[in-house]
Structures are given as C-alpha cells and as structure tokens.
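Before any comments, here is the structure.
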Amino acid sequence: MRERVVFQAVEGHRSRAEPLYVGVRGDVLRLVPNAVVEHVGSTSLPDELSNGDLDVQVRVRPEVFDEACRALGTVYQVNPGGFTDGCRSFKQDSSELPLGVHVTIVGGPSDIQCSHRDLLRRRPDLPAEYDALKRRFDGGDMDAYREAKDAFFA
C-alpha cells in the first residue's frame, strides 16, 4: 500500500513540537557533536498546514556523514522514504509526535529543508500557495505530493 499524506492545522501540535525538538536536538548533539541541528518542516513555521510530525534536519560535513548516520541509527529507525541524494532519513514513531530526522551533507543536493523553511519565512506570499498545494494532495499519495513540493520549491 502506498503511503498517504493527510494535513491538519499546525496549531494542534506546535506546542508539543518545540519541546520535543529541544530534546531531540540535545540527543543528536550528544551523538554527533559537530552537527548543525535545525527545526524544519511545518511545525517550524507560523500558520501552516502540517502532516502532524516533527522534522529535524541534521547537517554534517561530508567526511562525517556515514559516522553520523551510524550513530543516529543506534537511537532512531531507518526511514527509507523521502530524500535519497546525500541524505539518510530516520524516524521515531513512538515519540510524542512522529519524528523525522534527516541527515544531510552541508551544501549537498538534499541540504534543502532549512532553506525551504527560510524561504517561507522570508516571503509572506508563499505560505498560502504552499498550503493550497497541500490541500490539493490531502488524503493523496505521499510520493505525488513530494514531487509537487519539489516542483514548488524549484
């Protein structure tokens, strides 16, 4: 069965996302001390639709990528969906919100989540367009949504 994406107002879980992020950030930095850890995704933005999870981007230098992934793999489950180029995703479904941890190489092809967040913060015209895209895919196929999201940010 293909993965489905469902969106909801972020207000319902933003208050749980920030403390969870703080804890995850601490855990990640204990395992990967030189990483840059970013709260990304809809819970890091005001007034966004969200699929109800917390996304954390862990940015590392190329020479420590494999080591960082091994360390995070001792705590989080591998999540094969999503990013592929220079990124490895992990998850933890048992946390207060479903958690996605995405390890990327700084400057690599998948080092995009924090720049997407920053673009949406900088451009007040874009969040409404992005939410409209999410509404079109609500209840639909996750892969199709990801393709449309990639095209939106391109």
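The way I read the labels, and the way they are meant: chains A, B, ... in the order of the structure tokens, residue 1 as the first residue of every chain, and ligand 1 as the first ligand shown, with later ones counted on from there.
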Contacts of Val103 (chain A) at 8 Å (only C-alpha atoms; same-chain gap of 5+ positions) as a VMD selection string: chain A and resid 57 to 60 65 68 to 69 87 to 89
Expected file contents, prior selection, N, CA and C atoms, as a compact mmCIF listing (two decimals), in the first residue's frame:
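Ended up saving to part.txt:
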# COMPACT_ATOMS: atom_id res chain seq x y z
N GLN A 57 16.39 18.52 10.73
CA GLN A 57 17.47 18.35 9.78
C GLN A 57 18.79 18.39 10.53
N VAL A 58 19.61 17.38 10.29
CA VAL A 58 20.94 17.28 10.90
C VAL A 58 21.95 17.47 9.77
N ARG A 59 22.61 18.61 9.77
CA ARG A 59 23.55 18.97 8.70
C ARG A 59 24.98 18.67 9.15
N VAL A 60 25.70 17.88 8.33
CA VAL A 60 27.06 17.47 8.67
C VAL A 60 27.98 17.65 7.47
N PHE A 65 29.54 12.12 7.46
CA PHE A 65 28.17 11.71 7.14
C PHE A 65 27.91 10.26 7.57
N ALA A 68 27.94 9.84 11.33
CA ALA A 68 26.75 10.44 11.94
C ALA A 68 25.54 9.52 11.75
N CYS A 69 25.39 8.96 10.57
CA CYS A 69 24.26 8.06 10.31
C CYS A 69 24.35 6.80 11.16
N CYS A 87 21.57 12.07 1.62
CA CYS A 87 20.71 12.21 2.81
C CYS A 87 20.30 10.83 3.27
N ARG A 88 20.17 10.69 4.55
CA ARG A 88 19.61 9.48 5.12
C ARG A 88 18.58 9.90 6.15
N SER A 89 17.43 9.29 6.08
CA SER A 89 16.33 9.65 6.98
C SER A 89 16.11 8.57 8.03
Counting only C-alpha atoms, what is within 9 Å of Asp141 (chain A), bar same-chain residues fewer than 6 positions away, as a short mmCIF file (atom, residue, chain, number, x, y, z; two decimals) with C-alpha atoms, in the first residue's frame?
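Output contents, as saved in part_38.cif:
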data_model
loop_
_atom_site.label_atom_id
_atom_site.label_comp_id
_atom_site.auth_asym_id
_atom_site.auth_seq_id
_atom_site.Cartn_x
_atom_site.Cartn_y
_atom_site.Cartn_z
CA ARG A 2 1.31 3.43 -0.89
CA GLU A 3 1.85 5.98 1.85
CA ARG A 4 -0.89 8.62 2.14
CA VAL A 5 -0.43 12.20 3.30
#
Helix (DSSP H, G or I) residues, from DSSP on the backbone, in region 20-76 of chain A, as a PyMOL selection string: chain A and resi 20-31+42-44+62-73
Neighbour list for region 111-127 of chain A as a list in words, cut-off 8 Å, only C-alpha atoms, skip fewer than 6 positions in-chain: Glu38, His39, Val40, Gly41, Ser44, Leu45, Glu48, Gln57, Arg59, Cys87, Thr104, Ile105 and Phe153 of chain A
Atoms to include: N, CA and C atoms. Write the selected residues as a PDB file, in the first residue's frame.
ATOM      1  N   GLU A  38      18.648  21.595  12.911  1.00  0.00           N
ATOM      2  CA  GLU A  38      17.639  22.596  12.545  1.00  0.00           C
ATOM      3  C   GLU A  38      16.226  22.038  12.730  1.00  0.00           C
ATOM      4  N   HIS A  39      15.347  22.835  13.327  1.00  0.00           N
ATOM      5  CA  HIS A  39      13.913  22.522  13.364  1.00  0.00           C
ATOM      6  C   HIS A  39      13.360  22.979  12.017  1.00  0.00           C
ATOM      7  N   VAL A  40      12.877  22.041  11.225  1.00  0.00           N
ATOM      8  CA  VAL A  40      12.369  22.351   9.893  1.00  0.00           C
ATOM      9  C   VAL A  40      10.952  21.790   9.762  1.00  0.00           C
ATOM     10  N   GLY A  41      10.375  21.961   8.605  1.00  0.00           N
ATOM     11  CA  GLY A  41       9.029  21.459   8.380  1.00  0.00           C
ATOM     12  C   GLY A  41       7.985  22.423   8.916  1.00  0.00           C
ATOM     13  N   SER A  44       7.875  24.373  12.287  1.00  0.00           N
ATOM     14  CA  SER A  44       8.831  25.461  12.486  1.00  0.00           C
ATOM     15  C   SER A  44       8.337  26.767  11.889  1.00  0.00           C
ATOM     16  N   LEU A  45       7.143  26.748  11.299  1.00  0.00           N
ATOM     17  CA  LEU A  45       6.598  27.915  10.597  1.00  0.00           C
ATOM     18  C   LEU A  45       5.269  28.334  11.202  1.00  0.00           C
ATOM     19  N   GLU A  48       0.820  27.176   9.226  1.00  0.00           N
ATOM     20  CA  GLU A  48       0.985  26.228   8.130  1.00  0.00           C
ATOM     21  C   GLU A  48       0.101  25.016   8.368  1.00  0.00           C
ATOM     22  N   GLN A  57      16.386  18.525  10.734  1.00  0.00           N
ATOM     23  CA  GLN A  57      17.468  18.350   9.775  1.00  0.00           C
ATOM     24  C   GLN A  57      18.794  18.391  10.527  1.00  0.00           C
ATOM     25  N   ARG A  59      22.613  18.605   9.773  1.00  0.00           N
ATOM     26  CA  ARG A  59      23.545  18.975   8.701  1.00  0.00           C
ATOM     27  C   ARG A  59      24.982  18.668   9.153  1.00  0.00           C
ATOM     28  N   CYS A  87      21.567  12.075   1.621  1.00  0.00           N
ATOM     29  CA  CYS A  87      20.715  12.210   2.810  1.00  0.00           C
ATOM     30  C   CYS A  87      20.297  10.826   3.270  1.00  0.00           C
ATOM     31  N   THR A 104      21.788  15.352   6.378  1.00  0.00           N
ATOM     32  CA  THR A 104      22.202  15.834   5.066  1.00  0.00           C
ATOM     33  C   THR A 104      23.643  16.322   5.115  1.00  0.00           C
ATOM     34  N   ILE A 105      24.264  16.301   3.956  1.00  0.00           N
ATOM     35  CA  ILE A 105      25.609  16.849   3.803  1.00  0.00           C
ATOM     36  C   ILE A 105      25.468  18.337   3.500  1.00  0.00           C
ATOM     37  N   PHE A 153       9.171  24.271  -4.799  1.00  0.00           N
ATOM     38  CA  PHE A 153      10.371  24.942  -4.277  1.00  0.00           C
ATOM     39  C   PHE A 153      11.423  25.166  -5.358  1.00  0.00           C
TER      40      PHE A 153
END
Straight-line distance linking CA of Ser15 (chain A) with CA of Val36 (chain A), stated in Å to one decimal: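 Spanning CA of Ser15 (chain A) to CA of Val36 (chain A) is a straight-line distance of 22.8 Å.
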DSSP strand (DSSP E or B) selection over region 4-141 of chain A, as an NGL selection string: :A and (4 or 8-9 or 36-40 or 49-50 or 54-60 or 77-78 or 87-92 or 99-105 or 141)
Surrounding residues of Ala17 (chain A) excluding itself and chain neighbours under 6 positions, 8 Å, only C-alpha atoms, as a list of chain:residue names: A:Thr43, A:Asp53, A:Leu54, A:Leu97
Distance in Å - CA of Leu72 (chain A) versus CA of Tyr21 (chain A):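 These two atoms are separated by 15.2 Å.
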Surrounding residues of Leu99 (chain A) excluding itself and chain neighbours under 2 positions, 8 Å, only C-alpha atoms, as a VMD selection string: chain A and resid 53 to 56 91 to 93 95 97 101
Which residue of A:Ala128, A:Ser94, A:Gly108, A:Gly139 approaches Leu20 (chain A) most closely, using only C-alpha atoms: A:Ser94
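If you look at CA of Arg16 (chain A) and CA of Gly140 (chain A), they are 25.7 Å away from each other.
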Among the residues A:Lys149, A:Val78, A:Leu49, A:Gly86, the one that comes closest to Val64 (chain A) [using only C-alpha atoms]: A:Gly86
